[in-house]
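Asker: What follows is the file model_12.cif, containing mmCIF, C-alpha atoms:
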```cif
data_query
#
loop_
_atom_site.label_atom_id
_atom_site.label_comp_id
_atom_site.auth_asym_id
_atom_site.auth_seq_id
_atom_site.Cartn_x
_atom_site.Cartn_y
_atom_site.Cartn_z
CA MET C 1 -13.57 -52.66 -79.55
CA LEU C 2 -16.35 -51.67 -77.28
CA SER C 3 -16.30 -55.04 -75.54
CA TRP C 4 -12.52 -54.83 -74.86
CA GLN C 5 -13.00 -51.39 -73.37
CA ARG C 6 -15.76 -52.74 -71.17
CA VAL C 7 -13.56 -55.66 -70.05
CA ARG C 8 -10.69 -53.30 -69.22
CA LEU C 9 -13.03 -50.98 -67.31
CA HIS C 10 -14.47 -53.89 -65.31
CA SER C 11 -10.98 -55.23 -64.63
CA PHE C 12 -9.80 -51.82 -63.47
CA LEU C 13 -12.81 -51.38 -61.17
CA LEU C 14 -12.34 -54.87 -59.76
CA LEU C 15 -8.67 -54.15 -59.10
CA CYS C 16 -9.55 -50.87 -57.35
CA LEU C 17 -12.17 -52.60 -55.20
CA THR C 18 -9.69 -55.32 -54.26
CA VAL C 19 -7.06 -52.76 -53.25
CA ILE C 20 -9.59 -50.89 -51.11
CA LEU C 21 -10.83 -54.05 -49.38
CA VAL C 22 -7.31 -55.33 -48.70
CA GLY C 23 -6.25 -51.92 -47.42
CA CYS C 24 -9.19 -51.65 -45.05
CA GLY C 25 -8.61 -55.16 -43.78
CA GLU C 26 -4.96 -54.42 -43.08
CA VAL C 27 -5.71 -51.28 -41.10
CA SER C 28 -8.26 -52.88 -38.81
CA GLY C 29 -6.52 -56.22 -38.48
CA SER C 30 -2.98 -54.95 -37.98
CA VAL C 31 -3.82 -53.25 -34.69
CA TRP C 32 -3.80 -56.49 -32.76
CA THR C 33 -1.00 -58.43 -34.48
CA SER C 34 2.30 -56.98 -33.25
CA TYR C 35 3.18 -55.82 -29.76
CA GLU C 36 5.85 -54.14 -27.67
CA GLY C 37 6.31 -53.60 -23.94
CA ALA C 38 4.33 -50.80 -22.31
CA VAL C 39 6.15 -47.62 -21.33
CA ASN C 40 5.39 -48.09 -17.63
CA GLU C 41 5.61 -51.94 -17.53
CA LYS C 42 7.95 -53.37 -20.17
CA SER C 43 6.71 -56.93 -19.62
CA PHE C 44 3.08 -55.98 -20.50
CA PRO C 45 2.14 -56.03 -24.22
CA VAL C 46 0.74 -53.01 -26.03
CA PRO C 47 -0.16 -52.98 -29.75
CA LYS C 48 2.68 -51.34 -31.70
CA VAL C 49 0.21 -49.10 -33.50
CA ALA C 50 -1.13 -47.68 -30.22
CA ASN C 51 0.06 -44.11 -29.70
CA LYS C 52 1.09 -42.87 -26.27
CA SER C 53 -1.00 -39.76 -25.66
CA ASP C 54 -0.55 -39.07 -21.95
CA GLN C 55 1.70 -40.20 -19.12
CA SER C 56 1.78 -39.45 -15.40
CA ASP C 57 4.54 -37.13 -14.34
CA ASN C 58 3.98 -36.42 -10.68
CA ASN C 59 1.43 -38.94 -9.41
CA SER C 60 3.12 -40.64 -6.46
CA ASP C 61 0.52 -43.42 -6.16
CA MET C 62 -0.02 -44.57 -9.73
CA ASP C 63 2.17 -44.70 -12.82
CA TYR C 64 -0.18 -44.46 -15.79
CA VAL C 65 0.10 -44.20 -19.55
CA ARG C 66 -2.78 -43.56 -21.93
CA TYR C 67 -2.65 -45.05 -25.42
CA THR C 68 -4.93 -44.14 -28.31
CA VAL C 69 -5.98 -46.98 -30.58
CA SER C 70 -8.93 -47.34 -32.92
CA GLY C 71 -11.54 -50.03 -32.61
CA ILE C 72 -12.12 -50.16 -28.83
CA SER C 73 -14.77 -48.61 -26.64
CA GLU C 74 -16.05 -48.76 -23.09
CA ASN C 75 -19.10 -50.69 -24.27
CA THR C 76 -17.21 -53.54 -25.95
CA SER C 77 -14.76 -56.01 -24.51
CA LEU C 78 -11.09 -56.11 -25.40
CA PRO C 79 -10.38 -58.18 -28.52
CA GLU C 80 -9.82 -61.84 -27.67
CA VAL C 81 -6.57 -61.82 -29.65
CA TYR C 82 -5.22 -59.09 -27.33
CA LEU C 83 -6.30 -60.94 -24.19
CA ASP C 84 -4.57 -64.07 -25.55
CA GLU C 85 -1.39 -62.06 -26.19
CA ILE C 86 -1.44 -60.69 -22.64
CA LYS C 87 -1.74 -64.27 -21.32
CA SER C 88 1.09 -65.44 -23.59
CA TRP C 89 3.33 -62.78 -22.00
CA GLY C 90 2.65 -64.47 -18.64
CA TRP C 91 -0.05 -62.20 -17.23
CA THR C 92 -3.17 -63.57 -15.53
CA GLU C 93 -6.42 -61.65 -15.58
CA ARG C 94 -7.90 -61.03 -12.18
CA GLU C 95 -11.22 -59.62 -11.14
CA ALA C 96 -11.21 -56.33 -9.28
CA LYS C 97 -13.26 -56.44 -6.10
CA PRO C 98 -16.48 -54.57 -6.79
CA SER C 99 -16.54 -51.01 -5.52
CA SER C 100 -18.68 -47.98 -6.13
CA ASN C 101 -16.18 -46.47 -8.57
CA SER C 102 -15.18 -49.58 -10.54
CA SER C 103 -16.52 -50.13 -14.03
CA SER C 104 -16.84 -53.08 -16.36
CA SER C 105 -14.18 -51.49 -18.58
CA LEU C 106 -11.46 -52.09 -15.95
CA HIS C 107 -9.27 -55.16 -16.34
CA VAL C 108 -6.72 -56.20 -13.73
CA PHE C 109 -3.74 -58.41 -14.53
CA SER C 110 -1.03 -59.87 -12.32
CA LYS C 111 2.37 -61.42 -12.90
CA ASP C 112 5.10 -62.25 -10.42
CA GLY C 113 3.61 -59.99 -7.75
CA HIS C 114 3.13 -57.05 -10.14
CA ILE C 115 -0.29 -55.56 -10.89
CA VAL C 116 -1.38 -53.78 -14.07
CA GLN C 117 -4.81 -52.19 -14.38
CA LEU C 118 -6.13 -51.59 -17.89
CA ALA C 119 -9.05 -49.18 -18.22
CA VAL C 120 -10.78 -49.10 -21.61
CA HIS C 121 -12.14 -45.81 -22.95
CA ASN C 122 -13.65 -44.85 -26.28
CA GLY C 123 -10.72 -44.94 -28.72
CA SER C 124 -8.07 -45.38 -26.03
CA PHE C 125 -6.98 -47.32 -22.98
CA THR C 126 -5.00 -46.44 -19.89
CA LEU C 127 -2.41 -48.74 -18.29
CA MET C 128 -2.01 -48.07 -14.59
CA VAL C 129 0.72 -49.55 -12.43
CA PRO C 130 0.45 -48.96 -8.67
CA ARG C 131 3.72 -47.54 -7.30
CA ASN C 132 3.22 -48.80 -3.74
CA GLU C 133 1.27 -51.48 -1.89
CA THR C 134 -1.44 -49.17 -0.56
CA THR C 135 -2.68 -48.28 -4.04
CA GLN C 136 -2.79 -51.84 -5.40
CA THR C 137 -6.32 -52.95 -6.17
CA THR C 138 -7.55 -55.88 -4.11
CA ILE C 139 -7.94 -58.72 -6.57
CA ILE C 140 -9.57 -62.12 -6.64
CA SER C 141 -8.79 -64.87 -9.09
CA LEU C 142 -11.29 -65.47 -11.88
CA GLU C 143 -10.68 -69.20 -11.45
CA GLU C 144 -11.61 -69.15 -7.76
CA GLU C 145 -15.35 -68.88 -7.45
CA ASP C 146 -16.86 -68.41 -3.96
#
```
Can the structure in the file be given as structure tokens, please?
Answerer:
Amino acid sequence: MLSWQRVRLHSFLLLCLTVILVGCGEVSGSVWTSYEGAVNEKSFPVPKVANKSDQSDNNSDMDYVRYTVSGISENTSLPEVYLDEIKSWGWTEREAKPSSNSSSSLHVFSKDGHIVQLAVHNGSFTLMVPRNETTQTTIISLEEED
């Protein structure tokens, strides 16, 4: 009897461990698997699990939306799977011309004459869409090296 109890206990613990590992994998992996259009640029993908936390109301130069999402920070690059998704939606990453206030956490994308700037923060990112030509960031292609 004691051995059957031990087998059942080990089986139960193994089942619990499996559930925990699968659950943790789903939470971290599901962030970058399904997308929807951004609030301020419907043709730009945003992870469905990202939560809109702030949006510009009266900024005449820039339409921005901040999304909170776990697993990103200013010190790490965007997940490759997300960059691939952005490209599959037809956007091309550009390099922002260096300036005193630009940071390595700023990504610039273009598509059909539209510009989207994506700034990565700790636990969130901000999508910025210039509302007029004077606020559009000067961009250079990553493919064109001087």
Asker: Taking 6 positions as the minimum chain separation for residues in the same chain, which residues sit within 9 Å of C:Trp32 when counting only C-alpha atoms? Answer as a ChimeraX atom specification.
Answerer: /C:46-49,79,81-82,85
Asker: Go ahead and save the picked residues with C-alpha atoms, as a compact mmCIF listing (two decimals), keeping the file's coordinate frame.
Answerer:
```txt
# COMPACT_ATOMS: atom_id res chain seq x y z
CA VAL C 46 0.74 -53.01 -26.03
CA PRO C 47 -0.16 -52.98 -29.75
CA LYS C 48 2.68 -51.34 -31.70
CA VAL C 49 0.21 -49.10 -33.50
CA PRO C 79 -10.38 -58.18 -28.52
CA VAL C 81 -6.57 -61.82 -29.65
CA TYR C 82 -5.22 -59.09 -27.33
CA GLU C 85 -1.39 -62.06 -26.19
```
Asker: Which distance in Å separates atom CA of C:Thr33 and atom CA of C:Leu127, to one decimal?
Answerer: 18.9 Å
Asker: Expand the PyMOL selection byres ((chain C and resi 56) around 12) into the explicit residue set it covers here, and present it as a PyMOL selection string.
Answerer: chain C and resi 39-40+52-55+57-66+126-131
Asker: Take the residues just selected and output them with C-alpha atoms as a PDB file, keeping the file's coordinate frame.
Answerer:
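Once everything was written out, this is again.pdb:
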```pdb
ATOM      1  CA  VAL C  39       6.150 -47.620 -21.330  1.00  0.00           C
ATOM      2  CA  ASN C  40       5.390 -48.090 -17.630  1.00  0.00           C
ATOM      3  CA  LYS C  52       1.090 -42.870 -26.270  1.00  0.00           C
ATOM      4  CA  SER C  53      -1.000 -39.760 -25.660  1.00  0.00           C
ATOM      5  CA  ASP C  54      -0.550 -39.070 -21.950  1.00  0.00           C
ATOM      6  CA  GLN C  55       1.700 -40.200 -19.120  1.00  0.00           C
ATOM      7  CA  ASP C  57       4.540 -37.130 -14.340  1.00  0.00           C
ATOM      8  CA  ASN C  58       3.980 -36.420 -10.680  1.00  0.00           C
ATOM      9  CA  ASN C  59       1.430 -38.940  -9.410  1.00  0.00           C
ATOM     10  CA  SER C  60       3.120 -40.640  -6.460  1.00  0.00           C
ATOM     11  CA  ASP C  61       0.520 -43.420  -6.160  1.00  0.00           C
ATOM     12  CA  MET C  62      -0.020 -44.570  -9.730  1.00  0.00           C
ATOM     13  CA  ASP C  63       2.170 -44.700 -12.820  1.00  0.00           C
ATOM     14  CA  TYR C  64      -0.180 -44.460 -15.790  1.00  0.00           C
ATOM     15  CA  VAL C  65       0.100 -44.200 -19.550  1.00  0.00           C
ATOM     16  CA  ARG C  66      -2.780 -43.560 -21.930  1.00  0.00           C
ATOM     17  CA  THR C 126      -5.000 -46.440 -19.890  1.00  0.00           C
ATOM     18  CA  LEU C 127      -2.410 -48.740 -18.290  1.00  0.00           C
ATOM     19  CA  MET C 128      -2.010 -48.070 -14.590  1.00  0.00           C
ATOM     20  CA  VAL C 129       0.720 -49.550 -12.430  1.00  0.00           C
ATOM     21  CA  PRO C 130       0.450 -48.960  -8.670  1.00  0.00           C
ATOM     22  CA  ARG C 131       3.720 -47.540  -7.300  1.00  0.00           C
TER      23      ARG C 131
END
```
Asker: For the atom pair atom CA of C:Ser34 and atom CA of C:Phe125, what is the interatomic distance in Å to one decimal place?
Answerer: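 So the answer is 16.9 Å.
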Asker: The PyMOL selection byres ((chain C and resi 121) around 12) on the file shown: which residues, as a list of chain:residue names?
Answerer: C:Arg66, C:Tyr67, C:Thr68, C:Val69, C:Ser70, C:Gly71, C:Ile72, C:Ser73, C:Glu74, C:Asn75, C:Thr76, C:Ser77, C:Leu78, C:Ser103, C:Ser104, C:Ser105, C:Leu106, C:His107, C:Leu118, C:Ala119, C:Val120, C:Asn122, C:Gly123, C:Ser124, C:Phe125, C:Thr126, C:Leu127
Asker: Expressed in Å to a single decimal, how great is the separation between atom CA of C:Gly113 and atom CA of C:Ala50?
Answerer: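 So the two atoms, atom CA of C:Gly113 and atom CA of C:Ala50, lie 26.1 Å apart.
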Asker: Fix up stretch 30-41 of chain C with N, CA, C and O atoms, then write it as a compact mmCIF listing (two decimals), keeping the file's coordinate frame.
Answerer:
```
# COMPACT_ATOMS: atom_id res chain seq x y z
N SER C 30 -4.36 -55.08 -38.41
CA SER C 30 -2.98 -54.95 -37.98
C SER C 30 -2.84 -54.40 -36.58
O SER C 30 -1.78 -54.48 -35.99
N VAL C 31 -3.88 -53.82 -36.03
CA VAL C 31 -3.82 -53.25 -34.69
C VAL C 31 -3.44 -54.30 -33.66
O VAL C 31 -2.65 -54.05 -32.76
N TRP C 32 -3.95 -55.47 -33.80
CA TRP C 32 -3.80 -56.49 -32.76
C TRP C 32 -2.87 -57.62 -33.18
O TRP C 32 -3.03 -58.75 -32.74
N THR C 33 -1.88 -57.35 -34.04
CA THR C 33 -1.00 -58.43 -34.48
C THR C 33 0.44 -58.31 -34.02
O THR C 33 1.14 -59.31 -33.95
N SER C 34 0.92 -57.10 -33.72
CA SER C 34 2.30 -56.98 -33.25
C SER C 34 2.31 -56.09 -32.01
O SER C 34 1.55 -55.12 -31.91
N TYR C 35 3.19 -56.44 -31.07
CA TYR C 35 3.18 -55.82 -29.76
C TYR C 35 4.58 -55.42 -29.31
O TYR C 35 5.57 -55.94 -29.81
N GLU C 36 4.61 -54.52 -28.34
CA GLU C 36 5.85 -54.14 -27.67
C GLU C 36 5.51 -53.90 -26.20
O GLU C 36 4.35 -53.79 -25.84
N GLY C 37 6.53 -53.82 -25.36
CA GLY C 37 6.31 -53.60 -23.94
C GLY C 37 5.78 -52.20 -23.67
O GLY C 37 6.16 -51.23 -24.33
N ALA C 38 4.90 -52.09 -22.68
CA ALA C 38 4.33 -50.80 -22.31
C ALA C 38 5.41 -49.89 -21.75
O ALA C 38 6.43 -50.35 -21.24
N VAL C 39 5.19 -48.61 -21.82
CA VAL C 39 6.15 -47.62 -21.33
C VAL C 39 6.37 -47.78 -19.82
O VAL C 39 7.49 -47.73 -19.34
N ASN C 40 5.29 -48.02 -19.08
CA ASN C 40 5.39 -48.09 -17.63
C ASN C 40 5.53 -49.51 -17.09
O ASN C 40 5.74 -49.71 -15.90
N GLU C 41 5.42 -50.53 -17.93
CA GLU C 41 5.61 -51.94 -17.53
C GLU C 41 6.05 -52.70 -18.77
O GLU C 41 5.24 -53.17 -19.55
```
